[in-house]
Amino acid sequence: MNVHAAGDLKTTGLTHPNGAPLRLNTRDFVAIDRDRNAKFEATYRPQALYNRASEGFHANNETFLLHEVATNLPIYRPDTGPTDFHLHLPPGGFQLVLVTSGAFTFDYDGRFYNVGPGAVMLQSAIVHRQLFYTWSGLSTDENLKTPQTVVPDPIPMGYSGKFLEAFITDPTSFPNPTIVGPEQINEAETPRVAWSHPLHDRPADGGFWLQDPLALDALFKPLVDSPVKSALPVYVRDIGIEVPSGHLVTGHIIATDPRGQSLLPKSRSIAADPDCFAKGDVVIYRVIRGTAEFKKKAGETFELSAGDVVTAGKDSINLVGVGDNTQVLRLGLLKGMNDLRSWTPTQRDEIDGLASQIITQQDVRPVRTEGKPVGYLYA
């Protein structure tokens, strides 16, 4: 592997991905990943089990990967503690995290955030580490069956930390350089540092995003004259990622309350935008809890339950019904994704080898809980 100084990044062709163009599958297709077939594996770290929506990933030309991440070991072990400071460099800089269980603390660019169920983040090629997560102490089988939610409900917050994570392309195909290794971290100084680098590959408007589940822009809005049948009112939350993703992905959560309860944080003053169901050249639905019914173009219906995922062409399916106490994540993959390219294996290996040498600027924050926004050095 060749290693170059950071000042040579432009001349070595590492600033932007230069591999094959990405192509969404624009044909009529439906690919279903069933929770009953889930394979949880410690793919990247011993404390986390990953379950990939592989059928949808392959059917969509391997352009977009959605997986569930379930922490499964206590954080106090030597091999499971806080991660190093690193970053992920997917095409377009797109990395989505939606917390569905437990609690986490993340270090982002010199600031730390405590997050729980319903928190949404676009990490957007920002240097970060996972500092803390909760662990239930349950066996693996029991741990994987604990309920998940996008509402800050105290019961799921007490379980092991889990989240849904999505990348453009497979994490093994793009660079994931370590910026500060575990042996080099000075806990009094390193977590306060903000970094910048030229390799984020973001489209216009792309950047870091964090939405708190109780923020005003995260409230669930009623779906008036709903095309989705339900015994209870249907609500929609816009997770706000379309603009900060660089107009690559839209995201919404379609949900109902438990019967006889008011669980969802709501705003009844403004109706949800029904056009959210029209966005996306490829659509992905992931049932977080409850059940959902879909209809294919030819009229055939099928049902998904908690943990199931369907990936489909733009007009291949419609969501037609949801049960009580249901939460469904909908992602719409937009045509701008076709303007991206993948990293070549050579680029990936060279950037991983450069590691901290890709950093072109850094700054130390006086306070880690306030001040300049995450990513301010990229402006």
# chains A, B, ... in the order shown; residues from 1 in each chain; ligands from 1
$ residues_around --residues "region 126-142 of chain A" --least-positions-apart "6" --cutoff "10 Å" --atoms "only C-alpha atoms" --output "MDAnalysis selection string"
chainID A and resid 40 47 49 70:76 81:89 93 95 101:116 157:162 177:180 191 193:197 200 207:208 359 374:375 378
$ residues_around --residues "Asp35 (chain A)" --least-positions-apart "6" --cutoff "12 Å" --atoms "only C-alpha atoms" --output "mmCIF file with C-alpha atoms, in the first residue's frame"
data_model
loop_
_atom_site.group_PDB
_atom_site.id
_atom_site.type_symbol
_atom_site.label_atom_id
_atom_site.label_comp_id
_atom_site.auth_asym_id
_atom_site.auth_seq_id
_atom_site.Cartn_x
_atom_site.Cartn_y
_atom_site.Cartn_z
ATOM 1 C CA ASN A 51 -28.297 -7.920 10.463
ATOM 2 C CA ARG A 52 -28.239 -6.803 6.826
ATOM 3 C CA ALA A 53 -31.220 -6.379 4.509
ATOM 4 C CA SER A 54 -29.281 -8.392 1.949
ATOM 5 C CA GLU A 55 -32.108 -9.219 -0.483
ATOM 6 C CA HIS A 67 -28.861 -3.011 8.552
ATOM 7 C CA GLU A 68 -29.825 -3.336 12.198
ATOM 8 C CA LEU A 144 -32.354 -9.663 19.967
ATOM 9 C CA LYS A 145 -36.075 -9.974 20.767
ATOM 10 C CA ARG A 286 -38.620 -1.280 7.509
ATOM 11 C CA VAL A 287 -41.163 -2.259 10.166
ATOM 12 C CA ILE A 288 -39.837 -1.273 13.584
ATOM 13 C CA ARG A 289 -42.858 -2.532 15.510
ATOM 14 C CA LEU A 304 -44.645 -7.298 7.030
ATOM 15 C CA SER A 305 -44.100 -7.468 10.786
ATOM 16 C CA ALA A 306 -41.436 -6.139 13.143
ATOM 17 C CA GLY A 307 -37.941 -6.561 11.719
ATOM 18 C CA ASP A 308 -39.073 -7.138 8.114
ATOM 19 C CA VAL A 309 -37.805 -4.955 5.249
ATOM 20 C CA VAL A 310 -39.082 -4.477 1.700
#
$ residues_around --residues "region 13-24 of chain A" --least-positions-apart "2" --cutoff "10 Å" --atoms "only C-alpha atoms" --output "ChimeraX atom specification"
/A:6,8-11,26-27,59-64,89-92,168-169,174,197-202,281-282,313,333-348,350-351,358
$ closest_atom_pairs --of "region 141-223 of chain A" --to "region 233-239 of chain A" --cutoff "9 Å" --atoms "only C-alpha atoms" --output "Markdown table"
| residue | atom | partner | partner_atom | distance |
| --- | --- | --- | --- | --- |
| A:Gln211 | CA | A:Ile239 | CA | 7.0 |
| A:Pro213 | CA | A:Ile239 | CA | 8.8 |
| A:Asp217 | CA | A:Asp238 | CA | 7.6 |
| A:Ala218 | CA | A:Arg237 | CA | 6.0 |
| A:Leu219 | CA | A:Arg237 | CA | 6.1 |
| A:Phe220 | CA | A:Arg237 | CA | 4.5 |
| A:Lys221 | CA | A:Tyr235 | CA | 5.1 |
| A:Pro222 | CA | A:Tyr235 | CA | 4.4 |
| A:Leu223 | CA | A:Tyr235 | CA | 5.4 |
$ atom_distance --atom1 "CA of Tyr50 (chain A)" --atom2 "CA of Arg34 (chain A)"
14.6 Å
$ decode --residues "region 162-196 of chain A" --atoms "N, CA and C atoms" --output "compact mmCIF listing (two decimals), in the first residue's frame"
# COMPACT_ATOMS: atom_id res chain seq x y z
N LYS A 162 -29.63 -0.31 20.43
CA LYS A 162 -29.82 -0.79 19.06
C LYS A 162 -30.09 0.40 18.16
N PHE A 163 -29.71 0.27 16.91
CA PHE A 163 -30.07 1.31 15.94
C PHE A 163 -30.12 0.72 14.54
N LEU A 164 -30.86 1.39 13.69
CA LEU A 164 -30.84 1.11 12.26
C LEU A 164 -29.79 2.02 11.64
N GLU A 165 -29.02 1.46 10.72
CA GLU A 165 -27.94 2.22 10.09
C GLU A 165 -28.00 1.97 8.59
N ALA A 166 -27.75 3.02 7.82
CA ALA A 166 -27.78 2.89 6.36
C ALA A 166 -26.59 3.61 5.76
N PHE A 167 -26.02 3.00 4.73
CA PHE A 167 -24.91 3.57 3.97
C PHE A 167 -25.23 3.51 2.48
N ILE A 168 -24.69 4.43 1.73
CA ILE A 168 -24.63 4.25 0.28
C ILE A 168 -23.44 3.34 0.00
N THR A 169 -23.72 2.19 -0.59
CA THR A 169 -22.81 1.06 -0.87
C THR A 169 -22.41 0.35 0.42
N ASP A 170 -21.63 -0.68 0.28
CA ASP A 170 -21.22 -1.54 1.39
C ASP A 170 -20.03 -0.93 2.13
N PRO A 171 -20.04 -0.92 3.48
CA PRO A 171 -18.90 -0.35 4.21
C PRO A 171 -17.55 -0.97 3.88
N THR A 172 -17.54 -2.21 3.41
CA THR A 172 -16.25 -2.81 3.04
C THR A 172 -15.70 -2.27 1.73
N SER A 173 -16.53 -1.52 0.99
CA SER A 173 -16.09 -1.03 -0.32
C SER A 173 -15.59 0.41 -0.30
N PHE A 174 -15.74 1.11 0.85
CA PHE A 174 -15.28 2.50 0.92
C PHE A 174 -14.33 2.68 2.10
N PRO A 175 -13.58 3.78 2.15
CA PRO A 175 -12.61 3.97 3.23
C PRO A 175 -13.27 4.23 4.58
N ASN A 176 -12.64 3.70 5.63
CA ASN A 176 -13.08 3.92 7.01
C ASN A 176 -11.83 4.21 7.87
N PRO A 177 -11.13 5.30 7.60
CA PRO A 177 -9.84 5.51 8.25
C PRO A 177 -9.95 5.83 9.74
N THR A 178 -8.99 5.33 10.49
CA THR A 178 -8.84 5.69 11.91
C THR A 178 -8.07 7.00 11.99
N ILE A 179 -8.61 7.95 12.75
CA ILE A 179 -7.96 9.26 12.89
C ILE A 179 -7.11 9.31 14.16
N VAL A 180 -7.63 8.80 15.25
CA VAL A 180 -6.86 8.69 16.49
C VAL A 180 -7.10 7.29 17.06
N GLY A 181 -6.06 6.48 17.12
CA GLY A 181 -6.18 5.13 17.63
C GLY A 181 -6.39 5.11 19.13
N PRO A 182 -6.85 3.99 19.67
CA PRO A 182 -7.16 3.92 21.10
C PRO A 182 -5.98 4.23 22.00
N GLU A 183 -4.78 3.88 21.58
CA GLU A 183 -3.60 4.12 22.42
C GLU A 183 -3.18 5.58 22.41
N GLN A 184 -3.66 6.35 21.42
CA GLN A 184 -3.26 7.75 21.30
C GLN A 184 -4.29 8.72 21.87
N ILE A 185 -5.41 8.24 22.35
CA ILE A 185 -6.47 9.12 22.84
C ILE A 185 -6.09 9.68 24.20
N ASN A 186 -6.11 10.99 24.30
CA ASN A 186 -5.96 11.68 25.58
C ASN A 186 -7.35 12.17 25.97
N GLU A 187 -7.96 11.54 26.96
CA GLU A 187 -9.36 11.82 27.29
C GLU A 187 -9.59 13.27 27.71
N ALA A 188 -8.53 13.96 28.13
CA ALA A 188 -8.70 15.36 28.53
C ALA A 188 -8.70 16.30 27.33
N GLU A 189 -8.13 15.87 26.20
CA GLU A 189 -7.97 16.76 25.05
C GLU A 189 -8.61 16.22 23.76
N THR A 190 -8.34 14.97 23.43
CA THR A 190 -8.77 14.45 22.12
C THR A 190 -10.26 14.63 21.85
N PRO A 191 -11.16 14.32 22.81
CA PRO A 191 -12.59 14.46 22.51
C PRO A 191 -13.04 15.88 22.24
N ARG A 192 -12.21 16.86 22.52
CA ARG A 192 -12.60 18.26 22.29
C ARG A 192 -12.22 18.76 20.90
N VAL A 193 -11.58 17.91 20.10
CA VAL A 193 -11.03 18.36 18.82
C VAL A 193 -12.07 18.24 17.70
N ALA A 194 -12.16 19.30 16.90
CA ALA A 194 -12.93 19.26 15.65
C ALA A 194 -11.95 19.13 14.50
N TRP A 195 -12.29 18.30 13.53
CA TRP A 195 -11.40 18.03 12.40
C TRP A 195 -12.09 18.36 11.08
N SER A 196 -11.30 18.57 10.05
CA SER A 196 -11.84 18.63 8.68
C SER A 196 -10.89 17.92 7.74
